[in-house]
Every structure is written in C-alpha cells, then in structure tokens.
Amino acid sequence: MPGKRTEQLVTRDGVELVFDLVGEGPTVILHHGFAADARINWEQPGIVAALAERGRRVVALDARGHGRSGKPHDPAAYGGLAMVEDCRELLDHLGLEAVDVVGYSMGGRVAALLAAREPRVRCAVLGGVSRRLLDRAGADQDAASGTWFTAIADALEAEDPATVADPVARGFRVFAERTGADRHALAAIQRAAPPPPVD
C-alpha cells in the first residue's frame with residue numbers, strides 16, 4: 001500500500017506491538033477481531049485505503065497474540081485490561097492528544113473499554129459486538145460453567161482438529177489455521193482473566 005510505514009512499540013511487559021501508519025490528518029486507530037490481524041480485518045477489505053483517501057491518519061494495529069505482534073503463550077499476558085493498556089501506550093508513543101477508535105468484535109470490546117477510560121478518545125465505532133460481548137454477563141456464566149472460552153481454547157490446542165465436536169469452537173480453529181495464526185497464543189487469550197464490564 002503506497003505511503004504505508006510499519007513501526008513497533010515494546011509494551012510495559014515486554015510484548016512487541018507492530019502497527020502500520022497510512023495517510024495524514026486526524027488519527028484513527030483500527031483494532032481487529034480475535035484470530036485476525038490488521039491486514040485481514042482492515043487492509044484487505046479496503047478500509048485502511050478508504051480512510052486514508054478521505055484525509056485520515058490510520059493506525060492499523062496487530063494486537064498482542066496476533067499478526068506480526070508478540071505472541072506470549074501465558075494467559076497472564078492477556079488478562080484484564082492488557083489490550084486496553086496496549087492502546088494507551090500506543091497513544092503515548094505516537095504523542096496523540098485526540099483519537100478516534102474503530103474496533104471489530106474483540107477489538108470492539110477493547111475500543112469500548114478504552115473509550116470508557118481514556119479521555120483522549122473522541123469517539124469509538126464498534127462493529128461485530130453485542131451486549132454479551134461488551135458486558136460479558138452471559139459469557140462469564142458460560143466461562144464459570146467450563147464452556148464457551150474453554151471450548152475455544154481446547155479446540156485451538158487440539159492436536160487433531162477432527163476431534164473438535166463443538167461447531168463454534170471448530171469454526172475458530174479452522175479460521176486460525178486459515179489465517180496462519182499462533183493457535184497457542186489464541187488459546188492463552190481465551191484462558192485469560194476477562195476484562196471488566198464496559199461502563
């Protein structure tokens with residue numbers, strides 16, 4: 001993509017984050033969904049180019065555990081507000097005083113949590129999210145009963161994908177393999193302590 005620069009940032013806990021910068025103007029940060037990356041969610045569909053052509057400076061981040069960024073296999077590296085704090089460090093690193101944030105699915109939850117805690121966020125656009133994903137009330141019940149997140153983590157770690165019976169978990173496994181994701185890093189995300197509900 002013309003004019004694209006790739007940069008890195010090492011976070012407070014030593015995880016390298018990789019992000020692309022494209023265009024000039026008011027800054028918008030794009031945060032992708034689970035098991036994807038900036039290329040899959042934002043660049044290939046033409047969203048990065050469309051925003052840059054309309055006078056925006058686009059920061060397309062590969063979240064920890066995804067794409068070109070660091071991929072710890074310890075669930076502790078992903079717990080609570082880890083990805084939200086990564087975004088705050090990115091704002092500091094880029095010297096931003098005001099930013100718009102667009103998040104899809106997992107990235108939507110991160111964008112919502114960031115907007116609730118970070119006064120530099122002017123607005124947040126959330127895609128592919130539901131109340132369940134944002135407040136995790138239903139998801140926490142699933143996690144407590146040993147389903148939802150555990151099933152996805154187990155599917156990602158299974159030696160033989162044919163042994164994965166749950167269709168949703170199998171879908172995540174297939175998608176991770178298709179995108180060349182680090183399945184063990186993604187499983188660690190699923191086993192991590194959940195973030196707090198969005199205010």
# chains A, B, ... in the order shown; residues from 1 in each chain; ligands from 1

call {"tool": "select_by_dssp", "arguments": {"residues": "segment 41-196 of chain A", "states": "helix (DSSP H, G or I)", "output": "ChimeraX atom specification"}}
result
/A:41-43,47-53,75-77,82-94,106-117,131-135,137-144,148-157,161-163,167-179,183-191

call {"tool": "select_by_dssp", "arguments": {"residues": "segment 28-177 of chain A", "states": "strand (DSSP E)", "output": "PyMOL selection string"}}
result
chain A and resi 28-31+57-62+99-104+121-127

call {"tool": "write_last_selection", "arguments": {"atoms": "N, CA and C atoms", "output": "short mmCIF file (atom, residue, chain, number, x, y, z; two decimals), in the first residue's frame"}}
result
data_model
loop_
_atom_site.label_atom_id
_atom_site.label_comp_id
_atom_site.auth_asym_id
_atom_site.auth_seq_id
_atom_site.Cartn_x
_atom_site.Cartn_y
_atom_site.Cartn_z
N VAL A 28 -7.05 7.85 13.43
CA VAL A 28 -7.99 6.80 13.80
C VAL A 28 -7.20 5.52 14.00
N ILE A 29 -7.44 4.86 15.13
CA ILE A 29 -6.81 3.57 15.41
C ILE A 29 -7.81 2.47 15.08
N LEU A 30 -7.35 1.47 14.34
CA LEU A 30 -8.17 0.31 13.99
C LEU A 30 -7.70 -0.89 14.80
N HIS A 31 -8.64 -1.52 15.52
CA HIS A 31 -8.32 -2.70 16.35
C HIS A 31 -9.16 -3.87 15.86
N ARG A 57 -5.36 9.89 9.22
CA ARG A 57 -4.13 9.16 9.50
C ARG A 57 -4.58 7.86 10.18
N VAL A 58 -4.30 6.74 9.55
CA VAL A 58 -4.76 5.44 10.02
C VAL A 58 -3.63 4.72 10.74
N VAL A 59 -3.94 4.23 11.95
CA VAL A 59 -3.02 3.39 12.70
C VAL A 59 -3.68 2.02 12.78
N ALA A 60 -3.16 1.07 12.04
CA ALA A 60 -3.72 -0.28 11.99
C ALA A 60 -2.83 -1.20 12.82
N LEU A 61 -3.33 -1.56 13.99
CA LEU A 61 -2.56 -2.31 14.99
C LEU A 61 -2.79 -3.81 14.87
N ASP A 62 -1.72 -4.58 14.99
CA ASP A 62 -1.83 -6.01 15.24
C ASP A 62 -1.78 -6.19 16.76
N VAL A 99 -8.00 11.05 19.50
CA VAL A 99 -8.01 9.94 18.56
C VAL A 99 -9.42 9.37 18.46
N ASP A 100 -9.75 8.83 17.31
CA ASP A 100 -10.95 8.04 17.13
C ASP A 100 -10.51 6.59 17.09
N VAL A 101 -11.36 5.68 17.57
CA VAL A 101 -11.00 4.27 17.61
C VAL A 101 -12.12 3.47 16.95
N VAL A 102 -11.72 2.53 16.08
CA VAL A 102 -12.67 1.63 15.45
C VAL A 102 -12.25 0.21 15.83
N GLY A 103 -13.18 -0.55 16.38
CA GLY A 103 -12.88 -1.92 16.77
C GLY A 103 -13.90 -2.89 16.25
N TYR A 104 -13.42 -4.06 15.87
CA TYR A 104 -14.32 -5.10 15.38
C TYR A 104 -14.24 -6.31 16.31
N VAL A 121 -9.84 9.61 23.73
CA VAL A 121 -10.70 9.01 22.70
C VAL A 121 -11.89 9.93 22.47
N ARG A 122 -12.00 10.47 21.25
CA ARG A 122 -13.11 11.36 20.90
C ARG A 122 -14.37 10.57 20.61
N CYS A 123 -14.21 9.47 19.89
CA CYS A 123 -15.36 8.62 19.60
C CYS A 123 -14.87 7.21 19.32
N ALA A 124 -15.78 6.27 19.47
CA ALA A 124 -15.46 4.86 19.19
C ALA A 124 -16.55 4.29 18.31
N VAL A 125 -16.13 3.55 17.30
CA VAL A 125 -17.06 2.84 16.42
C VAL A 125 -16.87 1.35 16.70
N LEU A 126 -17.95 0.68 17.09
CA LEU A 126 -17.90 -0.72 17.46
C LEU A 126 -18.62 -1.55 16.41
N GLY A 127 -17.94 -2.54 15.86
CA GLY A 127 -18.56 -3.44 14.89
C GLY A 127 -18.46 -4.87 15.36
#

call {"tool": "residues_around", "arguments": {"residues": "segment 77-90 of chain A", "least_positions_apart": "3", "cutoff": "7 Å", "atoms": "only C-alpha atoms", "output": "list in words"}}
result
Thr11, Pro72, Asp74, His93, Leu94, Val110, Leu113, Leu114, Ile189, Ala192, Ala193, Pro194, Pro195 and Pro196 of chain A

call {"tool": "atom_distance", "arguments": {"atom1": "atom CA of Trp42 of chain A", "atom2": "atom CA of Asp166 of chain A"}}
result
28.7 Å

call {"tool": "closest_residue", "arguments": {"among": "A:Ala52, A:Ala188, A:Val15, A:Val198", "to": "His73 of chain A", "atoms": "only C-alpha atoms"}}
result
A:Ala188

call {"tool": "atom_distance", "arguments": {"atom1": "atom CA of Ala176 of chain A", "atom2": "atom CA of Leu156 of chain A"}}
result
7.9 Å

call {"tool": "residues_around", "arguments": {"residues": "His184 of chain A", "least_positions_apart": "5", "cutoff": "12 Å", "atoms": "only C-alpha atoms", "output": "PyMOL selection string"}}
result
chain A and resi 35+65-66+71-75+152-159+173+176-177+189-191

call {"tool": "atom_distance", "arguments": {"atom1": "atom CA of Ile40 of chain A", "atom2": "atom CA of Glu118 of chain A"}}
result
26.7 Å
